[in-house]
Every structure is written in C-alpha cells, then in structure tokens.
$ cat model.txt   # compact mmCIF, C-alpha atoms and all ligand atoms
# COMPACT_ATOMS: atom_id res chain seq x y z
CA MET A 1 -4.04 -86.40 31.45
CA PRO A 2 -2.75 -87.66 28.09
CA ASP A 3 0.01 -85.61 26.49
CA ILE A 4 -1.71 -83.20 24.12
CA ASN A 5 1.13 -83.60 21.65
CA ARG A 6 0.98 -87.40 21.32
CA ARG A 7 -0.13 -88.19 17.78
CA GLY A 8 -2.45 -90.99 18.84
CA PHE A 9 -4.17 -88.67 21.23
CA ILE A 10 -4.31 -85.91 18.66
CA ARG A 11 -5.82 -88.31 16.12
CA SER A 12 -8.51 -89.26 18.61
CA LEU A 13 -9.09 -85.61 19.47
CA PHE A 14 -9.89 -84.96 15.84
CA GLY A 15 -12.11 -88.04 15.67
CA ILE A 16 -9.62 -90.13 13.70
CA THR A 17 -8.93 -93.46 15.32
CA GLY A 18 -6.62 -96.36 14.65
CA ALA A 19 -3.30 -96.49 12.81
CA LEU A 20 -3.45 -97.52 9.16
CA PRO A 21 -0.66 -99.42 7.35
CA VAL A 22 1.64 -97.02 5.46
CA ALA A 23 0.54 -98.24 1.98
CA GLN A 24 -3.09 -97.67 2.88
CA GLN A 25 -2.21 -94.27 4.39
CA MET A 26 -0.50 -93.33 1.12
CA ALA A 27 -3.52 -94.40 -0.96
CA GLU A 28 -5.94 -92.61 1.33
CA ALA A 29 -3.78 -89.51 1.50
CA ARG A 30 -4.16 -89.01 -2.24
CA SER A 31 -7.92 -88.68 -1.89
CA GLN A 32 -8.13 -87.12 1.56
CA VAL A 33 -7.16 -83.84 3.13
CA SER A 34 -3.87 -83.49 4.98
CA PHE A 35 -3.71 -81.34 8.10
CA PHE A 36 -0.62 -80.55 10.16
CA TRP A 37 -0.02 -78.10 12.96
CA CYS A 38 2.89 -77.04 15.10
CA ASN A 39 3.45 -75.44 18.47
CA LEU A 40 5.61 -72.35 17.92
CA ASN A 41 6.98 -72.42 21.45
CA ASN A 42 8.30 -76.00 21.63
CA GLY A 43 8.43 -76.92 17.90
CA GLN A 44 6.26 -80.02 18.23
CA VAL A 45 4.42 -80.98 15.06
CA GLY A 46 1.14 -82.91 15.08
CA PHE A 47 0.15 -85.25 12.22
CA PRO A 48 -3.57 -85.89 12.89
CA THR A 49 -4.25 -87.12 9.33
CA GLY A 50 -1.17 -89.35 9.07
CA LEU A 51 2.48 -89.13 8.11
CA VAL A 52 2.09 -88.71 4.33
CA VAL A 53 3.08 -85.12 3.45
CA PRO A 54 1.85 -83.65 0.14
CA LYS A 55 4.29 -81.81 -2.16
CA GLU A 56 2.12 -79.92 -4.61
CA ARG A 57 2.16 -76.56 -6.35
CA PRO A 58 1.29 -74.07 -3.59
CA GLY A 59 -0.76 -71.54 -5.61
CA SER A 60 -1.22 -68.07 -4.13
CA ILE A 61 0.45 -68.99 -0.83
CA MET A 62 3.61 -67.87 -2.70
CA LYS A 63 2.29 -64.31 -2.86
CA LEU A 64 3.47 -64.03 0.76
CA VAL A 65 7.05 -64.64 -0.39
CA ALA A 66 6.61 -62.13 -3.21
CA ALA A 67 5.20 -59.51 -0.83
CA ALA A 68 8.18 -59.94 1.52
CA ALA A 69 10.62 -59.67 -1.40
CA LEU A 70 8.89 -56.56 -2.77
CA ILE A 71 9.16 -54.73 0.55
CA ASP A 72 12.57 -55.97 1.71
CA GLU A 73 14.19 -55.35 -1.72
CA GLY A 74 12.80 -51.82 -1.88
CA LEU A 75 10.42 -52.49 -4.80
CA TYR A 76 7.37 -51.52 -2.75
CA HIS A 77 7.45 -48.58 -0.39
CA GLY A 78 4.32 -48.98 1.65
CA ASN A 79 1.33 -47.39 0.01
CA GLU A 80 1.41 -47.78 -3.79
CA LYS A 81 -1.92 -48.94 -5.21
CA TYR A 82 -2.63 -50.83 -8.41
CA GLU A 83 -5.94 -51.17 -10.23
CA CYS A 84 -7.54 -54.59 -10.67
CA THR A 85 -10.18 -54.66 -13.40
CA GLY A 86 -10.46 -58.46 -13.48
CA THR A 87 -8.09 -59.05 -16.43
CA TYR A 88 -4.53 -57.94 -17.11
CA ARG A 89 -2.12 -58.76 -19.91
CA VAL A 90 1.54 -59.61 -19.22
CA GLY A 91 3.27 -60.17 -22.56
CA LYS A 92 1.40 -62.99 -24.27
CA GLU A 93 -0.36 -64.08 -21.11
CA SER A 94 -3.53 -62.95 -19.40
CA VAL A 95 -3.87 -62.87 -15.64
CA HIS A 96 -7.36 -62.96 -14.13
CA CYS A 97 -9.20 -62.32 -10.89
CA GLN A 98 -12.66 -63.78 -10.34
CA ASN A 99 -13.93 -60.32 -9.31
CA ALA A 100 -12.48 -56.92 -10.13
CA HIS A 101 -10.83 -55.79 -6.90
CA GLY A 102 -10.50 -52.10 -7.83
CA ARG A 103 -7.62 -49.91 -6.63
CA ILE A 104 -5.88 -51.70 -3.77
CA ASP A 105 -2.62 -51.72 -1.83
CA LEU A 106 -0.36 -54.66 -0.94
CA THR A 107 -2.12 -55.51 2.35
CA GLN A 108 -5.49 -55.70 0.60
CA ALA A 109 -3.93 -57.62 -2.29
CA ILE A 110 -2.78 -60.32 0.18
CA GLY A 111 -6.20 -60.41 1.88
CA LYS A 112 -8.10 -60.69 -1.39
CA SER A 113 -5.34 -62.70 -3.13
CA CYS A 114 -5.43 -60.32 -6.11
CA ASN A 115 -3.51 -61.82 -9.06
CA ILE A 116 -3.58 -58.56 -10.98
CA PHE A 117 -2.11 -56.45 -8.19
CA PHE A 118 0.80 -58.88 -7.93
CA ALA A 119 1.27 -59.12 -11.71
CA GLN A 120 1.71 -55.32 -11.82
CA ALA A 121 3.65 -54.82 -8.58
CA THR A 122 6.20 -57.54 -9.38
CA LYS A 123 7.18 -56.33 -12.86
CA HIS A 124 10.70 -55.67 -11.54
CA LEU A 125 10.88 -58.65 -9.20
CA THR A 126 13.05 -61.25 -10.92
CA ALA A 127 12.62 -65.00 -10.44
CA ARG A 128 16.09 -65.06 -8.87
CA CYS A 129 15.15 -62.44 -6.29
CA PHE A 130 11.88 -64.25 -5.54
CA LEU A 131 13.72 -67.57 -5.08
CA ASP A 132 16.32 -65.94 -2.82
CA LYS A 133 13.49 -64.82 -0.54
CA ALA A 134 11.91 -68.29 -0.76
CA LYS A 135 15.27 -69.72 0.44
CA GLN A 136 15.26 -67.29 3.37
CA PHE A 137 11.93 -68.90 4.31
CA ALA A 138 13.63 -72.34 4.05
CA LEU A 139 11.38 -73.49 1.20
CA ASP A 140 14.41 -75.46 -0.09
CA LYS A 141 15.08 -77.18 3.25
CA PRO A 142 13.56 -80.31 4.86
CA CYS A 143 11.01 -79.82 7.62
CA ALA A 144 10.35 -81.99 10.69
CA GLY A 145 12.07 -85.02 9.20
CA THR A 146 10.37 -84.69 5.80
CA ALA A 147 12.37 -83.96 2.63
CA SER A 148 11.98 -80.66 0.81
CA GLY A 149 9.69 -80.56 -2.22
CA ALA A 150 11.06 -79.46 -5.61
CA PHE A 151 13.05 -76.23 -5.55
CA PRO A 152 14.85 -74.88 -8.65
CA ALA A 153 18.65 -74.82 -8.43
CA GLU A 154 18.48 -72.21 -11.18
CA PRO A 155 15.27 -70.38 -12.14
CA THR A 156 13.76 -71.87 -15.33
CA GLN A 157 12.15 -68.53 -16.18
CA THR A 158 13.37 -64.96 -15.71
CA ALA A 159 10.05 -63.44 -14.62
CA SER A 160 8.82 -64.24 -11.11
CA LEU A 161 5.11 -64.37 -12.07
CA HIS A 162 4.63 -68.16 -12.32
CA TYR A 163 6.63 -68.69 -9.15
CA LEU A 164 4.65 -66.15 -7.14
CA LEU A 165 1.33 -67.50 -8.42
CA GLY A 166 2.55 -70.89 -7.18
CA LEU A 167 2.02 -72.50 -10.59
CA ALA A 168 5.64 -73.29 -11.55
CA PRO A 169 6.18 -77.08 -11.73
CA ASP A 170 9.72 -76.78 -10.30
CA LEU A 171 8.58 -75.17 -7.02
CA THR A 172 6.48 -77.64 -5.01
CA PRO A 173 7.28 -77.22 -1.29
CA SER A 174 5.90 -79.80 1.11
CA ALA A 175 2.86 -78.98 3.21
CA LEU A 176 5.15 -78.88 6.25
CA GLN A 177 7.43 -76.32 4.57
CA LEU A 178 4.34 -74.18 3.94
CA MET A 179 3.33 -74.54 7.58
CA ARG A 180 6.84 -73.40 8.55
CA LEU A 181 6.41 -70.41 6.21
CA ALA A 182 3.30 -69.40 8.20
CA ALA A 183 5.23 -69.91 11.44
CA LEU A 184 8.18 -67.77 10.28
CA ILE A 185 5.77 -65.00 9.29
CA GLY A 186 3.90 -65.24 12.59
CA ILE A 187 6.89 -64.92 14.92
CA ALA A 188 8.47 -61.50 15.41
CA PRO A 189 10.81 -60.20 12.65
CA GLY A 190 14.29 -61.60 13.23
CA ALA A 191 13.06 -64.03 15.89
CA THR A 192 14.19 -67.68 15.85
CA LEU A 193 11.64 -70.46 15.48
CA ALA A 194 11.85 -73.52 17.75
CA ALA A 195 13.20 -76.60 15.89
CA LEU A 196 10.19 -78.29 14.29
CA HIS A 197 9.99 -82.01 15.00
CA SER A 198 7.36 -84.72 15.21
CA ALA A 199 5.71 -84.74 18.62
CA GLU A 200 6.35 -88.52 18.63
CA ASN A 201 10.03 -88.46 17.74
CA LEU A 202 12.00 -86.30 20.13
CA ASP A 203 15.37 -87.54 18.73
CA MET A 204 14.62 -85.64 15.55
CA LYS A 205 14.63 -82.33 17.39
CA ALA A 206 18.43 -82.23 17.56
CA LYS A 207 18.78 -82.81 13.79
CA GLU A 208 16.51 -79.98 12.71
CA PRO A 209 18.36 -76.68 12.32
CA LEU A 210 16.97 -73.45 13.70
CA TYR A 211 15.46 -70.90 11.32
CA THR A 212 15.08 -67.19 11.84
CA SER A 213 12.28 -65.03 10.44
CA PRO A 214 13.78 -63.14 7.47
CA LEU A 215 11.19 -60.37 7.72
CA THR A 216 11.85 -56.75 8.58
CA ALA A 217 9.51 -54.79 10.84
CA GLN A 218 7.87 -53.31 7.73
CA SER A 219 7.40 -56.55 5.78
CA HIS A 220 6.23 -58.35 8.92
CA LYS A 221 3.55 -55.71 9.49
CA VAL A 222 2.22 -55.90 5.92
CA LEU A 223 2.22 -59.71 5.76
CA ALA A 224 0.61 -60.08 9.20
CA GLU A 225 -2.08 -57.48 8.39
CA GLY A 226 -2.69 -59.02 4.96
CA MET A 227 -3.09 -62.51 6.44
CA ARG A 228 -5.36 -61.14 9.14
CA LEU A 229 -7.49 -59.43 6.47
CA SER A 230 -7.66 -62.73 4.57
CA ALA A 231 -9.02 -64.49 7.68
CA THR A 232 -11.52 -61.77 8.65
CA SER A 233 -12.90 -60.58 5.31
CA GLY A 234 -10.85 -62.09 2.48
CA THR A 235 -10.36 -65.48 0.86
CA ALA A 236 -10.18 -67.32 4.23
CA LYS A 237 -13.08 -65.49 5.91
CA LYS A 238 -15.00 -68.75 6.55
CA LEU A 239 -12.11 -70.18 8.59
CA ASP A 240 -13.18 -68.73 11.94
CA VAL A 241 -16.39 -66.74 11.51
CA ASP A 242 -16.73 -65.97 15.24
CA ASP A 243 -13.04 -64.97 15.43
CA LYS A 244 -12.55 -67.40 18.29
CA LEU A 245 -8.90 -68.23 17.57
CA LYS A 246 -7.86 -64.87 15.99
CA VAL A 247 -6.35 -66.55 12.95
CA ALA A 248 -4.11 -64.99 10.29
CA ALA A 249 -4.21 -67.03 7.07
CA LYS A 250 -3.46 -67.31 3.35
CA THR A 251 -5.14 -69.50 0.74
CA GLY A 252 -3.92 -71.04 -2.50
CA THR A 253 -5.86 -72.79 -5.27
CA THR A 254 -4.30 -74.49 -8.30
CA PRO A 255 -5.87 -76.18 -11.32
CA HIS A 256 -5.49 -79.98 -11.25
CA GLY A 257 -6.60 -81.54 -14.53
CA ASN A 258 -10.05 -80.05 -15.07
CA LYS A 259 -10.55 -79.70 -11.31
CA PHE A 260 -8.83 -77.82 -8.48
CA GLN A 261 -6.77 -78.56 -5.42
CA SER A 262 -6.16 -76.12 -2.60
CA TYR A 263 -4.20 -75.06 0.44
CA VAL A 264 -4.71 -72.85 3.45
CA ILE A 265 -1.94 -71.97 5.91
CA GLY A 266 -2.06 -69.77 8.97
CA TYR A 267 -1.11 -69.04 12.55
CA PHE A 268 -2.98 -67.98 15.69
CA PRO A 269 -3.68 -66.05 17.81
CA CYS A 270 -2.55 -63.23 15.55
CA ASP A 271 -1.45 -60.95 18.43
CA LYS A 272 0.69 -63.61 20.17
CA PRO A 273 1.23 -66.50 17.75
CA ALA A 274 1.36 -69.90 19.48
CA HIS A 275 0.37 -72.32 16.69
CA ALA A 276 0.72 -72.61 12.92
CA PHE A 277 -1.16 -74.99 10.62
CA VAL A 278 -1.53 -76.14 7.03
CA LEU A 279 -4.35 -77.95 5.28
CA PHE A 280 -4.12 -79.42 1.78
CA SER A 281 -7.24 -80.59 -0.05
CA PRO A 282 -6.74 -82.73 -3.18
CA SER A 283 -10.08 -81.57 -4.62
CA GLY A 284 -11.89 -78.25 -4.66
CA THR A 285 -10.93 -74.58 -4.44
CA SER A 286 -9.67 -73.08 -1.20
CA GLN A 287 -12.98 -71.35 -0.50
CA ASP A 288 -15.06 -74.49 -1.20
CA SER A 289 -12.73 -77.07 0.28
CA ALA A 290 -9.45 -76.17 2.07
CA VAL A 291 -10.92 -73.36 4.20
CA PRO A 292 -14.07 -75.15 5.46
CA LYS A 293 -12.08 -78.36 6.07
CA ALA A 294 -9.40 -76.47 8.01
CA ARG A 295 -12.16 -74.81 10.04
CA ASP A 296 -13.47 -78.27 11.01
CA TYR A 297 -10.03 -79.26 12.35
CA LEU A 298 -9.33 -75.93 14.06
CA MET A 299 -12.72 -75.84 15.79
CA SER A 300 -12.84 -79.52 16.81
CA THR A 301 -10.39 -79.23 19.69
CA THR A 302 -9.36 -76.93 22.51
CA TRP A 303 -5.98 -75.40 21.76
CA PRO A 304 -3.55 -75.25 24.70
ZN ZN B 1 -7.73 -58.68 -8.43

$ encode --input "model.txt" --output "structure tokens"
Amino acid sequence: MPDINRRGFIRSLFGITGALPVAQQMAEARSQVSFFWCNLNNGQVGFPTGLVVPKERPGSIMKLVAAAALIDEGLYHGNEKYECTGTYRVGKESVHCQNAHGRIDLTQAIGKSCNIFFAQATKHLTARCFLDKAKQFALDKPCAGTASGAFPAEPTQTASLHYLLGLAPDLTPSALQLMRLAALIGIAPGATLAALHSAENLDMKAKEPLYTSPLTAQSHKVLAEGMRLSATSGTAKKLDVDDKLKVAAKTGTTPHGNKFQSYVIGYFPCDKPAHAFVLFSPSGTSQDSAVPKARDYLMSTTWP
C-alpha cells in the first residue's frame, strides 16, 4: 500500500499527476485553486495542488476570530441577538448582507456569515483586542515551513470591523495559517495541536512549535456549532450535501478588482475532528466557487 500521506500519491488520488517546475506551478497557482489538508493526529500536511501557498485577504473567515474574542473577553454573554435588515450604517460606512437575516444570535451569525450582526456585536471590540486573539490563533506565525502572511505590528485602525470582515490589507494570513485556525477550533479547548509539517519533509516537524487551542469551553461550543450550521444550512451548505464527512466549515469572499475571490476552511468529522482543510479560489464567490471546488476535493478520496 502506498503511504496515504505521500504528496505524489495524494496528487494522484485527487487526479493530479506529474510534478510541474516551480515557475510553472507559481503561474498556474495564480489562476487555479489551492487546496491543503492536515491530519490533526500526526500533523502531516498534504499539498495536492502544489507547494505555492496563497496569502490573500481572508474575508469572513476572520469572523471566527472575532466571535472567539467577543466571548472570551466578556463582550458577548451567550444569547444576545441583533437584527439584520440587510443594511447597517457604522459611522460613514455602510455594511450589507445579501439577504436580511432577521434577529439572530452569534451561532447563527457565524452560520449565515451575517456582516450586520458582527458590525453591531463588535462595537466595543477594538482592533487591538481582535489582533491579540488572532495572535493566539498563530495568525502571525509561520505554518508547516511556510512564512506568515502580513500581520500588523500595530493596528492601522482603531475599530476592528475591517479586520473581522477580513478586508484589511495588512492582515493576509497564508492559506495554511487559515487551515491551522480551523484545526485549532476543531480540537478541544486548551488541547495542543500536533506540529504541522509537510508529509514529505519529516525534518521540518522538529522546527514547528506546538500550538494550543486558545478557546474556552464556551467559545469552542459557539464556534463549533456556528461552523456546523454553516456546513449544514449556511454559506457552506453545498460542501457535503449528504453529510458524509460531518464537516464544520466557514467561508470567506472578498472583492478582487471587479470580481471576487474566496476561501473555505473546515474540519471533520465535527464530533471527533481528525482532519482540517482549506481551499482558496482566485475567482468567484465562496458559494459559487470555493465551496463546490472544496466539495470536489473532499469527496474524491477516502479519508483515513
Ligand atoms: Zn445579515
């Protein structure tokens, strides 16, 4: 039997054959999706689409960090609801949702990725507090041998809104850092994640520090339930329609010129997380592109 974690084997599993020269990989990576996954028990990371790791604005994936900060800093107590009517003004800016979500709580706001809930709930969440929580999730640290994306040494704005909507140009974690975020949410609160390292380069394992989930029992519950809601009836509902893998997920879409690019991250099975993944699509919204493309990868193999 080939080793399931060998990249060459993984590439062939996903129907991708042959190794491309790095320059060609880089050129192709700009126009193709990137998919990475990791085994939460042994830390091995698979690179089925190649070694080029995107570092883009993460969009609404950052709402997970905001939700954890709200709960763990005592700014959200467990059942407050906010009304989403589709448009909301914050100072000179307007925040929008595609549909009015009505009166919802934090779990539902994660599942539906409600911008207006978060704009209201985070009025007292400063950028500094948000970034402190982002650091606890290691969004300023390298991952599996890949450098960290941009992370502000000092917040360039006092409000957390642009950071938590994942639109700030100075916060662009790598796709692998976002995968590690999903992994740290998936494992039990306070648990330590195995050192993430390329399945092909076992020497790297020793160099990667260990990270511990910064979540409390309460924030873990809300984030896990919110991500589960996203995968079953929210923005990632097309990821696993038959609920075969029991995925928990979060999507993010950002404008890119006059088009969109998108992310989806997640872990599964939700009741005993064994794998985490990330997919970045350089074109299309999460619902049109990242989610269906991630579904193709997730469903094209048998997970150990
Ligand atoms: Zn909304």

$ residues_near_ligand --input "model.txt" --ligand "ligand ZN 1 (chain B)" --cutoff "10 Å" --atoms "all atoms listed in the file" --output "ChimeraX atom specification"
/A:82-88,95-104,108-109,112-119

$ closest_residue --input "model.txt" --among "A:Asn41, A:Gln218, A:Ser160, A:Ser262" --to "Ala134 (chain A)" --atoms "all atoms listed in the file"
A:Ser160

$ residues_around --input "model.txt" --residues "Lys246 (chain A)" --least-positions-apart "2" --cutoff "8 Å" --atoms "all atoms listed in the file" --output "PyMOL selection string"
chain A and resi 240+243-244+248+268-271

$ closest_atom_pairs --input "model.txt" --of "region 175-279 of chain A" --to "region 144-153 of chain A" --cutoff "7 Å" --atoms "all atoms listed in the file" --output "JSON lines"
{"residue": "A:Leu196", "atom": "CA", "partner": "A:Ala144", "partner_atom": "CA", "distance": 5.2}
{"residue": "A:His197", "atom": "CA", "partner": "A:Ala144", "partner_atom": "CA", "distance": 4.3}
{"residue": "A:Ser198", "atom": "CA", "partner": "A:Ala144", "partner_atom": "CA", "distance": 6.1}
{"residue": "A:Met204", "atom": "CA", "partner": "A:Gly145", "partner_atom": "CA", "distance": 6.9}
{"residue": "A:Glu208", "atom": "CA", "partner": "A:Ala144", "partner_atom": "CA", "distance": 6.8}

$ atom_distance --input "model.txt" --atom1 "CA of Gln157 (chain A)" --atom2 "CA of Leu181 (chain A)"
23.2 Å

$ closest_residue --input "model.txt" --among "A:His275, A:Lys293, A:Lys221, A:Arg89" --to "Ala236 (chain A)" --atoms "all atoms listed in the file"
A:Lys293

$ closest_residue --input "model.txt" --among "A:Lys92, A:Met299, A:Ser174, A:Ala68" --to "Leu131 (chain A)" --atoms "all atoms listed in the file"
A:Ala68

$ closest_residue --input "model.txt" --among "A:Pro214, A:Pro173, A:Gly226, A:Pro155" --to "Leu193 (chain A)" --atoms "only C-alpha atoms"
A:Pro214

$ closest_residue --input "model.txt" --among "A:Phe130, A:His124, A:Ala294, A:Ser300" --to "Gly166 (chain A)" --atoms "all atoms listed in the file"
A:Phe130

$ atom_distance --input "model.txt" --atom1 "CA of His220 (chain A)" --atom2 "CA of Cys143 (chain A)"
22.0 Å

$ atom_distance --input "model.txt" --atom1 "CA of Gly186 (chain A)" --atom2 "CA of Leu239 (chain A)"
17.2 Å

$ closest_residue --input "model.txt" --among "A:Pro142, A:Gly111, A:Ala290, A:Ala194" --to "Ser233 (chain A)" --atoms "only C-alpha atoms"
A:Gly111

$ axis_aligned_box --input "model.txt" --around "region 205-224 of chain A" --padding-each-side "3 Å" --output "JSON"
{"center_x": 9.7, "center_y": -68.1, "center_z": 11.7, "size_x": 24.2, "size_y": 35.5, "size_z": 17.8}

$ residues_around --input "model.txt" --residues "Ala249 (chain A)" --least-positions-apart "2" --cutoff "7 Å" --atoms "only C-alpha atoms" --output "list in words"
Met227, Arg228, Ser230, Ala231, Ala236, Val247, Thr251, Val264, Ile265, Gly266 and Tyr267 of chain A
